[in-house]
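Only one structure is covered here, and it is reproduced in the block below.
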Amino acid sequence: MTRIATPLALLLAALAYFVPAAAGGTPVVYAACTTIAILAVMAYGADLILSYLGEVSLGHTIFWAAGGYAAAMLSVGPGWNGWMTAGASVAIALVLACVLGWVTLRTREFVFSLVTYAAAVVAMEVAFNWSFLGGSDGIVGVPPLELTLFGRGITGSTNAELWPVAWGLLMLTLLFIQRFRQSRLGTSALMVQMNPDLAQALGVDARSVRFLVFVASAPISALAGWLYAYQRAYVGPDMFESYFLVLMLTAIVIVGRRLLLGPLIGTALIIVQQTFFSIGGDGDKIVLGAVLAAILLVWPKGLIGLWELMRVRRA
Amino acid sequence: MNLAQQIINGLVLGSGYALIAIGWTVLLGAARLVNFAHGQLYMLAAFLAWAAMQQYGVDYYVAVPIAVLALGLLGVVLQGVMLPLVMQQNLTSLMIVTLGFGYVFQGGAARVFGGDPQRLISPLQAESIRYGDIWFTLQDVVTLAGTLMLFGFLWLVMNRTRLGALVRSVAEDPKLAQLFGIDASRVYIGVFVFECAAVALGAGLVAPRSPILTSMGFDEVILTFVVVVLGGIGSVGGSLLAGFGLGMFTALFGALVSPAYTTAAAFLLLLIVLVTRPDGLAARR
């Protein structure tokens, strides 16, 4: 069962490519699916920290926003194409993650969360006030995404045109997470989280593991922000809003931590609720927050824990 | 720049920071619980007091105690729900749970109280006192006096009474404390209720300074973060010092450099301290 679980999960995600067309192919469906893919990729960045390091990063909105700002500024100003802005997004996220990772190197638990949150607040205030970054107005008029290779490829700004890119980015992220889980770094990270003494006895340097995982997680959220800038054709300080933070965390915990498809399914549940079953912006906030709190209080393992519980009872 | 006026402003701001932070400091010290709904609790208290005054015509001096009482009750409910996680000391989950609660409060308050900015009007805010070229309001004086009295009272309770000894023993080692017959769950609930009531008092005294919004949540109390961590986790005296220090820093930075970047500067200060002295100011044990 577990042996085929991962290829099966990846196959399912690959088949998701046909979901928008199968669901009617209307602009609303394409918008929802593209948004789900983008926000799921954003959540996978934070998932690397929460699931494998066991820490709560409240600073991943920085990388998310950094990717968006890089895409917007470089495509509006010097007119870079999608490949170049994507490269710049990754590079900027890596630099920021190195700085923040170094600052938080010796912090754990709530101090780590407080410091990453503090960094996000600083970043938001800078983005809000610095005219170089567009200030409170942000940057408008992001051109259509131009992602071509040898004359073939995608140029587009509508959700239907961006969907293949969003899906491709999601698949790349899933493959990366899958590789990470089996890598030396991934197993070391789990060991540092589960049994720090054993890790130390085996010669694993907990600090460098934590630092590397943190740095590796940043470009994922940044690339999500990169595509989000093209989807909305606008970036602004609202990318730092706690909505994205709460969404990331809820998406990760709702199904269950350390599951390859967990954040994707979680994001899909949330966005489907907000798109098709919305009860108003404030009502949706209540739903999102209540789901987040209730899951952790009642089924700490997520929905998968509920399923296991039912299976045990039946047996 | 009028230096004397800025020092007064710093004292006023600082007493507000310390007052809003104190509940959180005690909670963090005794239960190791980071309450990310702190800002929304502040917002909720301010709006409850406002609603009591607007809709039921209650006096300001009655509305604030009502808000304190209501938040205290809310504290019992919240901590009751979180108790299993608190007893397990599952701190990561708790942090995320409080974030969820905060989001619920924000959405709920927007539904109940509406999205418009409101004013919590205190009669003391209108009473200004001039002394040469410095200026402050009676509200500022009451906030400063209230903060000092609350801190003094808290210090006495924590260090001179049996109740304080109970809280400190649970903070030190909850399992050992339970072996000695101390009911840790009651201590946790008590500490959480204190946090909620203290932030409500803070809101009642500080919120009249500026318009209140249901979305203000964390923005209004974001600097208390700095107070809590800089003051030393769980240190009552440290919080008071950090509160006033931060108030002075904010007032002077705003006047001398740039008011727009004040919060960022305060957080940068926190980051620098954490890098240079990670153990001294925020050691785990």
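So you can find residues: chains in the structure tokens are A, B, ... in the order shown, residues in each start at 1, and ligands are numbered from 1 in order.
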
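Near region 160-167 of chain B, within 10 Å and counting only C-alpha atoms, sit B:Val26, B:Gly29, B:Ala30, B:Ala31, B:Leu154, B:Pro174, B:Ala177, B:Ile182, B:Asp183, B:Ala184, B:Arg186, B:Val187, B:Tyr188, B:Gly190, B:Val191, not including residues fewer than 6 positions from it in the same chain.
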
Written selection (C-alpha atoms) as a PDB file, in the first residue's frame:
ATOM      1  CA  VAL B  26       2.433  36.263  32.433  1.00  0.00           C
ATOM      2  CA  GLY B  29       5.951  32.694  31.583  1.00  0.00           C
ATOM      3  CA  ALA B  30       3.475  30.412  33.318  1.00  0.00           C
ATOM      4  CA  ALA B  31       2.042  28.331  30.464  1.00  0.00           C
ATOM      5  CA  LEU B 154       1.166  41.703  40.096  1.00  0.00           C
ATOM      6  CA  PRO B 174       4.075  21.367  35.580  1.00  0.00           C
ATOM      7  CA  ALA B 177       3.880  20.622  40.563  1.00  0.00           C
ATOM      8  CA  ILE B 182      -1.215  21.397  42.539  1.00  0.00           C
ATOM      9  CA  ASP B 183      -3.970  21.444  39.945  1.00  0.00           C
ATOM     10  CA  ALA B 184      -2.050  22.789  36.956  1.00  0.00           C
ATOM     11  CA  ARG B 186      -6.690  25.579  37.198  1.00  0.00           C
ATOM     12  CA  VAL B 187      -3.497  27.598  37.213  1.00  0.00           C
ATOM     13  CA  TYR B 188      -3.494  27.626  33.395  1.00  0.00           C
ATOM     14  CA  GLY B 190      -6.438  31.453  35.876  1.00  0.00           C
ATOM     15  CA  VAL B 191      -3.435  32.752  33.980  1.00  0.00           C
TER      16      VAL B 191
END

Interface residues on chain B facing chain A, 8 Å, only C-alpha atoms, written as an MDAnalysis selection string: chainID B and resid 34 81:82 85 91:93 95:108 110:111 225 229 260:261 263:265 267:268 271 274:275 278 282

Please produce a file of those selected residues containing C-alpha atoms, as an mmCIF file, in the first residue's frame.
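Generated output (part.cif):
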data_model
loop_
_atom_site.group_PDB
_atom_site.id
_atom_site.type_symbol
_atom_site.label_atom_id
_atom_site.label_comp_id
_atom_site.auth_asym_id
_atom_site.auth_seq_id
_atom_site.Cartn_x
_atom_site.Cartn_y
_atom_site.Cartn_z
ATOM 1 C CA VAL B 34 1.993 32.234 22.702
ATOM 2 C CA VAL B 81 -11.251 24.382 24.927
ATOM 3 C CA MET B 82 -7.459 24.468 24.638
ATOM 4 C CA LEU B 85 -3.296 20.773 24.271
ATOM 5 C CA LEU B 91 3.031 24.444 21.868
ATOM 6 C CA THR B 92 3.228 24.345 18.080
ATOM 7 C CA SER B 93 -0.412 23.355 17.720
ATOM 8 C CA MET B 95 0.201 28.692 18.524
ATOM 9 C CA ILE B 96 -1.683 27.840 15.346
ATOM 10 C CA VAL B 97 -4.959 27.376 17.250
ATOM 11 C CA THR B 98 -4.739 30.889 18.700
ATOM 12 C CA LEU B 99 -4.030 32.214 15.218
ATOM 13 C CA GLY B 100 -7.269 30.542 14.110
ATOM 14 C CA PHE B 101 -9.195 32.015 17.055
ATOM 15 C CA GLY B 102 -7.888 35.457 16.188
ATOM 16 C CA TYR B 103 -9.131 35.073 12.650
ATOM 17 C CA VAL B 104 -12.570 34.000 13.903
ATOM 18 C CA PHE B 105 -12.764 37.014 16.249
ATOM 19 C CA GLN B 106 -11.816 39.348 13.438
ATOM 20 C CA GLY B 107 -14.426 37.969 11.055
ATOM 21 C CA GLY B 108 -17.054 37.790 13.783
ATOM 22 C CA ALA B 110 -16.650 42.682 11.464
ATOM 23 C CA ARG B 111 -20.049 40.999 11.105
ATOM 24 C CA PHE B 225 5.556 41.522 20.794
ATOM 25 C CA VAL B 229 10.436 39.150 24.003
ATOM 26 C CA ALA B 260 6.332 55.706 8.947
ATOM 27 C CA TYR B 261 9.139 53.290 9.742
ATOM 28 C CA THR B 263 7.357 49.720 13.789
ATOM 29 C CA ALA B 264 9.946 48.371 11.368
ATOM 30 C CA ALA B 265 12.724 50.043 13.378
ATOM 31 C CA PHE B 267 11.352 45.096 15.084
ATOM 32 C CA LEU B 268 14.787 45.538 13.603
ATOM 33 C CA LEU B 271 16.051 41.129 15.541
ATOM 34 C CA LEU B 274 17.988 38.253 19.237
ATOM 35 C CA VAL B 275 21.000 37.720 16.995
ATOM 36 C CA PRO B 278 19.779 34.974 21.830
ATOM 37 C CA ALA B 282 14.851 34.779 25.206
#

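As for CA of Ser89 (chain A) and CA of Gly168 (chain A), they are spaced 17.0 Å apart.
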
Taking only C-alpha atoms into account, name the residue in A:Val312, A:Pro7, A:Ala31, A:Ala206 that is nearest to Phe276 (chain A). A:Ala31

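With only C-alpha atoms as the atoms that count, the minimum distance from Ile265 (chain A) to the choices A:Leu303, A:Thr34, A:Glu241, A:Val29 is reached by A:Leu303.
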